[in-house]
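This report refers to the structure that appears directly beneath it.
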Amino acid sequence: MAKLTIDDLKKIKEEYKEKTHLREGGYRVKITVHMGTCGLAAGSREIMDSLLDEIQKANVTDIIVTTSGCAGLCSREPMVTIEMMGEPPVKYGDLTDEKIRKIFREHVLEGKIVEEYAIVRGCETSY
Amino acid sequence: MDKIRSNIMLCGGTGCIASGSLKARDALVEELKKHDLADEITVTLTGCNGFCAQGPIMIVYPEDIFYEKITSDNIPLLVEEHFVKGRPVEKFMYKEPEKKSAVPIMNEIPFFKHQVLRALRNKGLIDPEKIEEYIARDGYMAAAKALTEMTPGDIVEVMKDSGLRGRGGAGFPTGLKWEFCARSQGNLKYILCNGDEGDPGAFMDRSVMEADPHVVLEGMIIAAKAIGASRGYIYVRAEYPLAVERLQKAIDQANEYGLLGENILGTGFNLDIELYLGAGAFVCGEETALMRSIEGKRGMPIPRPPFPAQKGLWEKPTVLNNVETYANIPQIILNGADWFKSLGTEKSTGTKVFALTGAVNNIGLIEVPMGIPLRTIIFDIGGGIKKGRIFKAVQLGGPSGGCIPEDHLETPVTYEDIMNTGAIVGSGGMVVMDDSNCMVNVARFFLDFTTDESCGKCSPCRIGTKVMKDKLVDITEGRGKEEDIELLEDLAHDIISTSLCGLGQTAPNPVLTTIKYFRQEYEEHIRQGWCKAGVCTKLSTFYIDEEACKGCTLCARSCPQQAITGEKKKPHHINQELCIKCRTCYEKCKFGAVKVGPVNMFEKKDKEVKV
């Protein structure tokens with residue numbers, strides 16, 4: 001390892017921020033992949049893979065992907081919920097590799113809801 | 001594909017390793033592989049998280065889910081539920097003592113909510129063995145700034161303006177210390193780090209060294225530039241093997257990256273840092289004794305002046321700062337003195353780390369703004385007293401500190417206010433005691449420690465503390481005399497005014513504060529032969545209050561001597577001849593029916609009967 005200069009230090013900082021940014025909190029979009037038994041059976045694992053692949057390609061760090069259980073609408077799995085900060089969440093259903101990639105590009109990156117695949121906006125009232 | 005969706009941070013501090021975090025880590029890595037998740041979820045072993053009593057601790061990012069007491073047996077279920085199915089597992093989450101409802105988000109847990117992290121800002125967030133993760137969190141940026149944009153005078157000014165005071169105990173202004181040394185003439189100067197944390201119950205320095213070793217190195221680089229030092233030592237106790245290992249790795253990495261050694265970051269500045277392992281003598285935490293120890297001599301203090309800033313290690317100008325002090329420095333350089341002063345009080349700026357332990361519900365390491373009332377620390381962060389018992393005193397500052405009672409709990413935690421109570425902030429050990437503690441016995445415990453640790457150089461400390469201890473033993477064993485309290489006070493003042501170093505000058509504090517606030521307890525011991533807490537076995541009798549006893553039989557079943565008899569649902573009775581005063585019944589009883597009486601309570605009754 002060569003001795004570092006201050007510019008090298010900054011480069012390392014940027015490079016590793018990429019790998020550790022998840023711990024810092026603060027994100028623009030949260031994507032929840034519903035991975036209950038129904039979701040897994042319908043192929044939510046592949047949807048997760050496609051999403052991670054898209055995030056990788058887009059090279060963005062302000063998006064987090066998390067998983068959750070069954071969303072209650074098992075017949076429409078695989079489903080994801082996309083929450084942009086400050087906007088009501090949107091649920092998409094009957095997903096395929098192709099659909100989720102389109103949703104990622106149009107909704108997550110550009111902010112346009114893909115209405116043809118969307119099931120609902122907002123969430124249930126909870127007490 | 002190597003896009004990572006989640007980071008699992010598992011605590012690898014000494015506490016969590018002892019409770020099994022390494023096994024849990026191995027199981028976790030294995031299980032993630034099994035589910036084909038190893039590529040998208042990383043597992044990192046961090047330094048101490050601080051909430052040691054709940055260990056092993058695991059935090060899952062980006063969701064910030066906090067799991068406690070994670071063992072390798074829990075891992076398969078946890079991975080299956082949380083990482084495969086996306087259902088955080090409630091039964092491994094922290095539960096508030098009174099409520100029982102799970103609190104999944106880390107920053108909603110009261111223990112963490114009131115804290116402000118500065119010295120501990122990287123705890124649990126980085127892998128302490130990877131310099132890159134430290135760099136990712138602005139690591140070495142402050143050193144770069146100090147080496148390229150600031151003169152030694154600038155650095156000293158910022159430090160003076162920040163008001164940072166030494167976190168090792170004495171609270172001397174750090175900037176001033178640096179200024180004295182910067183002014184000293186000499187072509188060779190030393191920068192030292194004091195990692196000889198010796199107060200019983202204090203472990204904040206160990207945590208910093210384990211969780212964030214590079215911050216210590218960076219603080220030292222900045223200090224070295226300010227005073228013009230080219231060589232440094234970190235004096236760390238050999239009893240901290242993990243801290244030693246991580247510091248050594250950090251030094252090796254920093255050398256390899258050109259952040260230590262010659263021509264640091266290409267700026268022409270040189271600094272070598274080495275570890276020096278202490279052999280576990282408490283007195284070596286005192287600066288002049290520490291320097292003698294590094295020189296290879298017996299660790300004993302020498303008179304000051306000359307101060308180390310003029311003649312320190314090998315008679316060269318030297319600055320010694322504590323680990324936590326160094327951990328504050330990079331952030332002050334990056335964010336400025338005003339940022340640092342924005343927390344704390346006028347004379348006690350910034351934050352302080354405390355090791356909160358004893359009779360509180362939440363035990364661990366906390367960092368809070370200075371000026372926070374003791375009550376907030378104990379009852380909000382600490383979650384109050386365990387098992388619904390009653391608060392009695394908080395011991396601050398270890399063997400050099402004192403015990404602060406209930407009616408002083410509004411005292412803000414600043415160097416001056418705590419000093420006015422008779423205790424000291426010290427290195428930040430905070431031991432909370434409930435009503436089952438005997439304060440005379442607490443004083444005896446600390447004197448036991450200081451008599452052992454006195455280096456023997458000054459007779460007041462060597463002999464005086466021994467005499468004080470003997471008097472305390474007399475009082476706790478029923479041989480106390482009326483004049484002993486005055487004698488203890490006299491002796492204490494003599495030892496304080498005639499000892500050379502901080503050890504002797506502060507050793508009587510635990511006795512003085514317990515006499516000041518709990519004089520009645522001393523008197524009860526001496527006059528009535530009664531230790532009301534039931535700790536001094538020669539001064540207590542355990543008996544059952546027949547009216548309060550519900551006859552639940554718990555005490556009888558727990559008694560190792562089978563000294564307790566009685567029928568179900570009827571008052572029980574302790575046979576005094578069999579009782580060994582082990583306190584088991586006293587602690588087990590849910591109705592407070594086991595009481596403590598003076599040692600001779602039954603003797604009297606017998607006499608009365610005879611009359």
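Residues are named by chain letter and number: chains run A, B, ... in the order of the structure tokens, numbers start at 1 in each chain, and ligands are numbered from 1 in the order shown.
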
Do a neighbour search on range 111-124 of chain A at 8 Å with only C-alpha atoms, toss out local chain neighbours closer than 2 positions, and write the hits as a compact mmCIF listing (two decimals) with N, CA and C atoms, in the first residue's frame.
# COMPACT_ATOMS: atom_id res chain seq x y z
N PRO A 88 -47.52 9.48 0.17
CA PRO A 88 -48.15 8.24 0.62
C PRO A 88 -47.53 7.04 -0.08
N PRO A 89 -47.46 5.91 0.60
CA PRO A 89 -46.87 4.73 -0.02
C PRO A 89 -47.73 4.21 -1.17
N VAL A 90 -47.09 3.57 -2.13
CA VAL A 90 -47.82 2.98 -3.25
C VAL A 90 -47.51 1.49 -3.29
N LYS A 91 -48.56 0.68 -3.41
CA LYS A 91 -48.36 -0.78 -3.50
C LYS A 91 -48.52 -1.23 -4.94
N TYR A 92 -47.58 -2.08 -5.36
CA TYR A 92 -47.67 -2.67 -6.69
C TYR A 92 -47.84 -4.18 -6.54
N GLY A 93 -48.60 -4.80 -7.48
CA GLY A 93 -48.80 -6.25 -7.36
C GLY A 93 -48.59 -6.97 -8.68
N ASP A 94 -48.69 -8.28 -8.62
CA ASP A 94 -48.52 -9.17 -9.78
C ASP A 94 -47.22 -8.88 -10.51
N LEU A 95 -46.16 -8.73 -9.73
CA LEU A 95 -44.92 -8.25 -10.34
C LEU A 95 -44.15 -9.34 -11.08
N LYS A 99 -41.65 -5.91 -14.92
CA LYS A 99 -42.46 -4.85 -14.31
C LYS A 99 -41.69 -4.11 -13.21
N ILE A 103 -40.92 -0.18 -12.90
CA ILE A 103 -41.35 0.61 -11.74
C ILE A 103 -40.16 1.32 -11.10
N GLU A 106 -39.12 4.24 -13.45
CA GLU A 106 -40.05 5.36 -13.60
C GLU A 106 -40.49 5.97 -12.26
N HIS A 107 -40.83 5.10 -11.31
CA HIS A 107 -41.34 5.64 -10.05
C HIS A 107 -40.21 6.04 -9.10
N VAL A 108 -39.32 5.10 -8.85
CA VAL A 108 -38.29 5.37 -7.85
C VAL A 108 -37.31 6.44 -8.33
N LEU A 109 -36.86 6.30 -9.56
CA LEU A 109 -35.84 7.25 -10.02
C LEU A 109 -36.46 8.55 -10.52
N SER A 126 -54.76 2.57 10.82
CA SER A 126 -54.44 1.68 11.92
C SER A 126 -54.74 2.38 13.24

Select residues of chain B: the criterion is any atom within 7 Å of an atom of chain A, counting only C-alpha atoms; output as a compact mmCIF listing (two decimals) with N, CA and C atoms, in the first residue's frame.
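Okay, this is what ended up in result19.txt:
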# COMPACT_ATOMS: atom_id res chain seq x y z
N MET B 1 -23.67 -10.20 -8.34
CA MET B 1 -24.33 -9.03 -7.76
C MET B 1 -23.73 -8.73 -6.39
N LYS B 3 -24.77 -5.71 -4.63
CA LYS B 3 -25.49 -4.61 -3.99
C LYS B 3 -25.95 -5.07 -2.62
N ARG B 5 -28.08 -4.83 0.73
CA ARG B 5 -29.33 -4.22 1.16
C ARG B 5 -29.40 -4.03 2.67
N SER B 6 -28.53 -4.71 3.38
CA SER B 6 -28.64 -4.61 4.83
C SER B 6 -27.27 -4.84 5.48
N ASN B 7 -27.01 -4.10 6.56
CA ASN B 7 -25.79 -4.29 7.34
C ASN B 7 -26.18 -4.78 8.72
N TYR B 61 -29.25 -2.54 10.09
CA TYR B 61 -29.46 -1.34 9.29
C TYR B 61 -29.91 -1.76 7.91
N PRO B 62 -30.70 -0.98 7.17
CA PRO B 62 -31.06 0.42 7.43
C PRO B 62 -32.25 0.60 8.37
N LYS B 85 -37.96 -13.73 5.52
CA LYS B 85 -39.38 -13.36 5.41
C LYS B 85 -39.67 -11.90 5.74
N GLY B 86 -38.67 -11.20 6.26
CA GLY B 86 -38.88 -9.78 6.51
C GLY B 86 -39.74 -9.47 7.72
N ARG B 87 -39.74 -10.37 8.68
CA ARG B 87 -40.53 -10.08 9.88
C ARG B 87 -39.59 -9.94 11.07
N LEU B 125 -20.87 1.53 14.73
CA LEU B 125 -21.16 1.88 13.33
C LEU B 125 -20.05 1.47 12.39
N GLU B 132 -10.58 1.81 6.65
CA GLU B 132 -11.41 2.45 5.63
C GLU B 132 -12.77 2.85 6.18
N GLU B 133 -13.32 2.02 7.09
CA GLU B 133 -14.64 2.37 7.63
C GLU B 133 -14.53 3.60 8.53
N ILE B 135 -12.30 5.98 7.96
CA ILE B 135 -12.13 7.08 7.01
C ILE B 135 -13.48 7.48 6.41
N ALA B 136 -14.35 6.48 6.16
CA ALA B 136 -15.66 6.78 5.58
C ALA B 136 -16.47 7.71 6.48
N ALA B 144 -5.77 15.76 8.68
CA ALA B 144 -5.36 16.39 7.42
C ALA B 144 -5.49 17.90 7.53
N GLU B 256 1.02 1.81 7.58
CA GLU B 256 1.02 1.34 6.21
C GLU B 256 0.46 2.39 5.25
N TYR B 257 -0.56 3.12 5.72
CA TYR B 257 -1.21 4.13 4.89
C TYR B 257 -0.50 5.48 4.93
N GLY B 258 0.58 5.56 5.67
CA GLY B 258 1.28 6.84 5.76
C GLY B 258 0.56 7.86 6.61
N LEU B 265 0.79 11.98 5.34
CA LEU B 265 -0.05 12.54 4.28
C LEU B 265 0.73 13.49 3.37
N GLY B 266 2.02 13.22 3.26
CA GLY B 266 2.85 14.04 2.39
C GLY B 266 3.07 15.46 2.89

- Message: If I take CA of Cys52 in chain B and CA of Lys590 in chain B, how far is one from the other in Å, to one decimal?
- Response: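 Computed distance, CA of Cys52 in chain B to CA of Lys590 in chain B, equals 27.7 Å.
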
- With a distance cut-off of 8 Å and only C-alpha atoms, select the neighbouring residues of Pro460 in chain B, excluding the residue or stretch itself and same-chain residues fewer than 3 positions from it, and output the selection as a PyMOL selection string. chain B and resi 463-465+494-495+498-499+504

Those selected residues, please, written with N, CA and C atoms and delivered as a PDB file, in the first residue's frame.
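Final output, part06.pdb:
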ATOM      1  N   ILE B 463       0.375   4.705  55.151  1.00  0.00           N
ATOM      2  CA  ILE B 463      -0.038   4.294  56.502  1.00  0.00           C
ATOM      3  C   ILE B 463      -1.428   4.826  56.832  1.00  0.00           C
ATOM      4  N   GLY B 464      -1.662   6.093  56.421  1.00  0.00           N
ATOM      5  CA  GLY B 464      -2.935   6.728  56.772  1.00  0.00           C
ATOM      6  C   GLY B 464      -4.139   5.976  56.236  1.00  0.00           C
ATOM      7  N   THR B 465      -4.076   5.571  54.973  1.00  0.00           N
ATOM      8  CA  THR B 465      -5.246   4.880  54.415  1.00  0.00           C
ATOM      9  C   THR B 465      -5.437   3.533  55.108  1.00  0.00           C
ATOM     10  N   ASP B 494      -5.730  15.187  56.859  1.00  0.00           N
ATOM     11  CA  ASP B 494      -4.263  15.123  56.865  1.00  0.00           C
ATOM     12  C   ASP B 494      -3.734  14.415  55.621  1.00  0.00           C
ATOM     13  N   ILE B 495      -4.368  13.296  55.272  1.00  0.00           N
ATOM     14  CA  ILE B 495      -3.889  12.541  54.104  1.00  0.00           C
ATOM     15  C   ILE B 495      -4.043  13.378  52.840  1.00  0.00           C
ATOM     16  N   THR B 498      -1.327  16.145  52.679  1.00  0.00           N
ATOM     17  CA  THR B 498       0.100  15.823  52.701  1.00  0.00           C
ATOM     18  C   THR B 498       0.528  14.754  51.694  1.00  0.00           C
ATOM     19  N   SER B 499      -0.374  14.281  50.863  1.00  0.00           N
ATOM     20  CA  SER B 499       0.033  13.280  49.871  1.00  0.00           C
ATOM     21  C   SER B 499       0.521  13.960  48.610  1.00  0.00           C
ATOM     22  N   GLY B 504      -3.446   9.643  46.816  1.00  0.00           N
ATOM     23  CA  GLY B 504      -3.578   9.943  48.229  1.00  0.00           C
ATOM     24  C   GLY B 504      -4.474  11.142  48.484  1.00  0.00           C
TER      25      GLY B 504
END

Among range 285-484 of chain B, which ones does DSSP assign to alpha helix (DSSP H) (computed from the backbone)? Answer as a JSON list (two decimals) with N, CA and C atoms, in the first residue's frame.
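part-v8.json was written with the following content:
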[["chain", "number", "residue", "atom", "x", "y", "z"],
["B", 287, "GLU", "N", -0.10, 10.81, 36.14],
["B", 287, "GLU", "CA", 0.76, 11.09, 34.99],
["B", 287, "GLU", "C", 2.25, 10.89, 35.24],
["B", 288, "THR", "N", 2.74, 11.35, 36.38],
["B", 288, "THR", "CA", 4.19, 11.22, 36.56],
["B", 288, "THR", "C", 4.58, 9.76, 36.80],
["B", 289, "ALA", "N", 3.69, 9.00, 37.47],
["B", 289, "ALA", "CA", 3.98, 7.58, 37.68],
["B", 289, "ALA", "C", 3.93, 6.82, 36.35],
["B", 290, "LEU", "N", 2.99, 7.21, 35.50],
["B", 290, "LEU", "CA", 2.86, 6.58, 34.18],
["B", 290, "LEU", "C", 4.15, 6.77, 33.37],
["B", 291, "MET", "N", 4.69, 7.98, 33.45],
["B", 291, "MET", "CA", 5.92, 8.26, 32.69],
["B", 291, "MET", "C", 7.09, 7.45, 33.23],
["B", 292, "ARG", "N", 7.15, 7.32, 34.57],
["B", 292, "ARG", "CA", 8.23, 6.49, 35.15],
["B", 292, "ARG", "C", 8.09, 5.05, 34.66],
["B", 293, "SER", "N", 6.84, 4.59, 34.59],
["B", 293, "SER", "CA", 6.60, 3.22, 34.17],
["B", 293, "SER", "C", 7.09, 3.00, 32.73],
["B", 294, "ILE", "N", 6.82, 3.97, 31.85],
["B", 294, "ILE", "CA", 7.29, 3.83, 30.46],
["B", 294, "ILE", "C", 8.83, 3.84, 30.42],
["B", 323, "VAL", "N", -7.73, 8.82, 26.94],
["B", 323, "VAL", "CA", -8.32, 8.27, 25.71],
["B", 323, "VAL", "C", -9.56, 9.07, 25.28],
["B", 324, "GLU", "N", -10.45, 9.29, 26.23],
["B", 324, "GLU", "CA", -11.70, 9.97, 25.87],
["B", 324, "GLU", "C", -11.44, 11.42, 25.43],
["B", 325, "THR", "N", -10.44, 12.06, 26.04],
["B", 325, "THR", "CA", -10.08, 13.41, 25.61],
["B", 325, "THR", "C", -9.68, 13.39, 24.14],
["B", 326, "TYR", "N", -8.81, 12.44, 23.77],
["B", 326, "TYR", "CA", -8.39, 12.35, 22.36],
["B", 326, "TYR", "C", -9.58, 12.09, 21.45],
["B", 327, "ALA", "N", -10.53, 11.29, 21.93],
["B", 327, "ALA", "CA", -11.67, 10.94, 21.08],
["B", 327, "ALA", "C", -12.52, 12.16, 20.74],
["B", 328, "ASN", "N", -12.42, 13.21, 21.55],
["B", 328, "ASN", "CA", -13.18, 14.44, 21.28],
["B", 328, "ASN", "C", -12.49, 15.36, 20.28],
["B", 329, "ILE", "N", -11.16, 15.21, 20.16],
["B", 329, "ILE", "CA", -10.38, 16.24, 19.46],
["B", 329, "ILE", "C", -10.65, 16.34, 17.96],
["B", 330, "PRO", "N", -10.67, 15.21, 17.21],
["B", 330, "PRO", "CA", -10.90, 15.37, 15.77],
["B", 330, "PRO", "C", -12.18, 16.14, 15.44],
["B", 331, "GLN", "N", -13.25, 15.88, 16.20],
["B", 331, "GLN", "CA", -14.51, 16.57, 15.92],
["B", 331, "GLN", "C", -14.43, 18.06, 16.22],
["B", 332, "ILE", "N", -13.63, 18.41, 17.23],
["B", 332, "ILE", "CA", -13.48, 19.84, 17.54],
["B", 332, "ILE", "C", -12.74, 20.54, 16.40],
["B", 333, "ILE", "N", -11.71, 19.87, 15.88],
["B", 333, "ILE", "CA", -10.95, 20.47, 14.78],
["B", 333, "ILE", "C", -11.83, 20.62, 13.54],
["B", 334, "LEU", "N", -12.66, 19.60, 13.26],
["B", 334, "LEU", "CA", -13.50, 19.65, 12.06],
["B", 334, "LEU", "C", -14.65, 20.63, 12.20],
["B", 335, "ASN", "N", -15.29, 20.65, 13.37],
["B", 335, "ASN", "CA", -16.52, 21.43, 13.51],
["B", 335, "ASN", "C", -16.35, 22.75, 14.24],
["B", 337, "ALA", "N", -14.71, 25.22, 17.66],
["B", 337, "ALA", "CA", -14.90, 25.33, 19.10],
["B", 337, "ALA", "C", -16.35, 25.66, 19.46],
["B", 338, "ASP", "N", -17.00, 26.48, 18.63],
["B", 338, "ASP", "CA", -18.38, 26.88, 18.96],
["B", 338, "ASP", "C", -19.32, 25.69, 18.93],
["B", 339, "TRP", "N", -19.10, 24.82, 17.95],
["B", 339, "TRP", "CA", -19.91, 23.60, 17.87],
["B", 339, "TRP", "C", -19.74, 22.79, 19.16],
["B", 340, "PHE", "N", -18.49, 22.67, 19.61],
["B", 340, "PHE", "CA", -18.25, 21.88, 20.81],
["B", 340, "PHE", "C", -18.92, 22.51, 22.03],
["B", 341, "LYS", "N", -18.82, 23.84, 22.11],
["B", 341, "LYS", "CA", -19.36, 24.54, 23.27],
["B", 341, "LYS", "C", -20.88, 24.59, 23.28],
["B", 374, "LEU", "N", -28.15, 14.60, 37.55],
["B", 374, "LEU", "CA", -27.91, 13.19, 37.89],
["B", 374, "LEU", "C", -29.20, 12.38, 37.79],
["B", 375, "ARG", "N", -30.31, 13.02, 38.19],
["B", 375, "ARG", "CA", -31.59, 12.30, 38.19],
["B", 375, "ARG", "C", -31.96, 11.79, 36.79],
["B", 415, "TYR", "N", -17.95, 19.65, 36.28],
["B", 415, "TYR", "CA", -16.79, 19.43, 37.16],
["B", 415, "TYR", "C", -16.99, 20.13, 38.49],
["B", 416, "GLU", "N", -17.46, 21.41, 38.45],
["B", 416, "GLU", "CA", -17.57, 22.19, 39.69],
["B", 416, "GLU", "C", -18.70, 21.68, 40.58],
["B", 417, "ASP", "N", -19.89, 21.47, 40.00],
["B", 417, "ASP", "CA", -21.03, 21.09, 40.82],
["B", 417, "ASP", "C", -20.81, 19.75, 41.51],
["B", 418, "ILE", "N", -20.22, 18.82, 40.79],
["B", 418, "ILE", "CA", -19.98, 17.51, 41.40],
["B", 418, "ILE", "C", -18.92, 17.65, 42.50],
["B", 419, "MET", "N", -17.91, 18.46, 42.23],
["B", 419, "MET", "CA", -16.86, 18.69, 43.23],
["B", 419, "MET", "C", -17.46, 19.27, 44.52],
["B", 420, "ASN", "N", -18.45, 20.16, 44.37],
["B", 420, "ASN", "CA", -19.08, 20.76, 45.55],
["B", 420, "ASN", "C", -19.82, 19.74, 46.41],
["B", 421, "THR", "N", -20.23, 18.64, 45.82],
["B", 421, "THR", "CA", -20.90, 17.62, 46.63],
["B", 421, "THR", "C", -19.89, 16.79, 47.41],
["B", 439, "MET", "N", -23.52, 2.04, 53.65],
["B", 439, "MET", "CA", -22.57, 3.05, 53.20],
["B", 439, "MET", "C", -21.22, 2.94, 53.91],
["B", 440, "VAL", "N", -21.23, 2.45, 55.14],
["B", 440, "VAL", "CA", -19.95, 2.27, 55.83],
["B", 440, "VAL", "C", -19.16, 1.18, 55.11],
["B", 441, "ASN", "N", -19.87, 0.16, 54.71],
["B", 441, "ASN", "CA", -19.21, -0.93, 54.00],
["B", 441, "ASN", "C", -18.70, -0.49, 52.63],
["B", 442, "VAL", "N", -19.46, 0.42, 51.98],
["B", 442, "VAL", "CA", -19.01, 0.95, 50.69],
["B", 442, "VAL", "C", -17.69, 1.70, 50.87],
["B", 443, "ALA", "N", -17.64, 2.55, 51.92],
["B", 443, "ALA", "CA", -16.42, 3.30, 52.19],
["B", 443, "ALA", "C", -15.26, 2.32, 52.45],
["B", 444, "ARG", "N", -15.56, 1.26, 53.21],
["B", 444, "ARG", "CA", -14.52, 0.27, 53.50],
["B", 444, "ARG", "C", -14.01, -0.38, 52.21],
["B", 445, "PHE", "N", -14.97, -0.69, 51.30],
["B", 445, "PHE", "CA", -14.57, -1.31, 50.02],
["B", 445, "PHE", "C", -13.56, -0.44, 49.27],
["B", 446, "PHE", "N", -13.85, 0.86, 49.19],
["B", 446, "PHE", "CA", -12.95, 1.72, 48.42],
["B", 446, "PHE", "C", -11.60, 1.91, 49.13],
["B", 447, "LEU", "N", -11.65, 1.97, 50.45],
["B", 447, "LEU", "CA", -10.38, 2.10, 51.19],
["B", 447, "LEU", "C", -9.53, 0.84, 51.05],
["B", 448, "ASP", "N", -10.21, -0.29, 50.99],
["B", 448, "ASP", "CA", -9.54, -1.56, 50.73],
["B", 448, "ASP", "C", -8.74, -1.46, 49.43],
["B", 449, "PHE", "N", -9.42, -0.89, 48.43],
["B", 449, "PHE", "CA", -8.81, -0.74, 47.12],
["B", 449, "PHE", "C", -7.62, 0.21, 47.18],
["B", 450, "THR", "N", -7.80, 1.39, 47.81],
["B", 450, "THR", "CA", -6.71, 2.36, 47.80],
["B", 450, "THR", "C", -5.53, 1.91, 48.67],
["B", 451, "THR", "N", -5.79, 1.21, 49.78],
["B", 451, "THR", "CA", -4.64, 0.75, 50.57],
["B", 451, "THR", "C", -3.83, -0.26, 49.75],
["B", 452, "ASP", "N", -4.55, -1.10, 48.99],
["B", 452, "ASP", "CA", -3.84, -2.05, 48.12],
["B", 452, "ASP", "C", -3.02, -1.34, 47.06],
["B", 453, "GLU", "N", -3.59, -0.27, 46.52],
["B", 453, "GLU", "CA", -3.00, 0.36, 45.34],
["B", 453, "GLU", "C", -2.04, 1.50, 45.67],
["B", 459, "SER", "N", 4.15, 8.48, 53.32],
["B", 459, "SER", "CA", 3.60, 7.80, 54.50],
["B", 459, "SER", "C", 2.14, 8.14, 54.78],
["B", 465, "THR", "N", -4.08, 5.57, 54.97],
["B", 465, "THR", "CA", -5.25, 4.88, 54.42],
["B", 465, "THR", "C", -5.44, 3.53, 55.11],
["B", 466, "LYS", "N", -4.33, 2.92, 55.51],
["B", 466, "LYS", "CA", -4.43, 1.63, 56.22],
["B", 466, "LYS", "C", -5.12, 1.82, 57.57],
["B", 467, "VAL", "N", -4.75, 2.90, 58.28],
["B", 467, "VAL", "CA", -5.38, 3.17, 59.57],
["B", 467, "VAL", "C", -6.88, 3.45, 59.37],
["B", 468, "MET", "N", -7.18, 4.23, 58.34],
["B", 468, "MET", "CA", -8.59, 4.51, 58.06],
["B", 468, "MET", "C", -9.34, 3.22, 57.77],
["B", 469, "LYS", "N", -8.72, 2.36, 56.98],
["B", 469, "LYS", "CA", -9.39, 1.10, 56.64],
["B", 469, "LYS", "C", -9.63, 0.28, 57.90],
["B", 470, "ASP", "N", -8.62, 0.20, 58.76],
["B", 470, "ASP", "CA", -8.78, -0.59, 59.99],
["B", 470, "ASP", "C", -9.93, -0.06, 60.84],
["B", 471, "LYS", "N", -10.04, 1.28, 60.91],
["B", 471, "LYS", "CA", -11.13, 1.88, 61.69],
["B", 471, "LYS", "C", -12.48, 1.49, 61.08],
["B", 472, "LEU", "N", -12.53, 1.51, 59.75],
["B", 472, "LEU", "CA", -13.79, 1.16, 59.09],
["B", 472, "LEU", "C", -14.14, -0.31, 59.31],
["B", 473, "VAL", "N", -13.12, -1.16, 59.29],
["B", 473, "VAL", "CA", -13.37, -2.58, 59.55],
["B", 473, "VAL", "C", -13.90, -2.72, 60.98],
["B", 474, "ASP", "N", -13.28, -2.00, 61.92],
["B", 474, "ASP", "CA", -13.77, -2.03, 63.30],
["B", 474, "ASP", "C", -15.24, -1.66, 63.37],
["B", 475, "ILE", "N", -15.58, -0.57, 62.68],
["B", 475, "ILE", "CA", -16.98, -0.11, 62.75],
["B", 475, "ILE", "C", -17.93, -1.14, 62.14],
["B", 476, "THR", "N", -17.52, -1.74, 61.04],
["B", 476, "THR", "CA", -18.43, -2.70, 60.40],
["B", 476, "THR", "C", -18.48, -4.02, 61.16],
["B", 484, "ASP", "N", -14.42, 7.46, 66.75],
["B", 484, "ASP", "CA", -13.85, 7.01, 65.47],
["B", 484, "ASP", "C", -14.23, 7.91, 64.29]]

- Separation of CA of Arg206 in chain B from CA of Glu295 in chain B, in Å and rounded to one decimal: 23.3 Å

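Within the 7 Å cut-off around Ala202 in chain B, using only C-alpha atoms and omitting residues fewer than 6 positions from it on the same chain, the listed residues are B:Ala355, B:Gly428, B:Gly429.
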
Could you turn the residues from that selection into a file that holds N, CA and C atoms, as a PDB file, in the first residue's frame?
ATOM      1  N   ALA B 355     -19.814   5.332  32.722  1.00  0.00           N
ATOM      2  CA  ALA B 355     -20.098   3.903  32.815  1.00  0.00           C
ATOM      3  C   ALA B 355     -21.135   3.763  33.912  1.00  0.00           C
ATOM      4  N   GLY B 428     -15.465   8.924  35.171  1.00  0.00           N
ATOM      5  CA  GLY B 428     -16.855   8.738  34.763  1.00  0.00           C
ATOM      6  C   GLY B 428     -17.499   7.437  35.192  1.00  0.00           C
ATOM      7  N   GLY B 429     -16.935   6.785  36.177  1.00  0.00           N
ATOM      8  CA  GLY B 429     -17.613   5.612  36.723  1.00  0.00           C
ATOM      9  C   GLY B 429     -18.795   6.082  37.553  1.00  0.00           C
TER      10      GLY B 429
END

- Message: For a test of reading the model, state the distance in Å between CA of Lys595 in chain B and CA of Ser436 in chain B, rounded to one decimal.
- Response: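 Atom-to-atom, CA of Lys595 in chain B and CA of Ser436 in chain B are spaced 11.4 Å apart.
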
- Query: Would you give me, as a VMD selection string, the residues in range 11-118 of chain A that DSSP reads as strand (DSSP E or B)?
  - Reply: chain A and resid 29 to 34 63 to 68 80 to 84 90 to 92 118
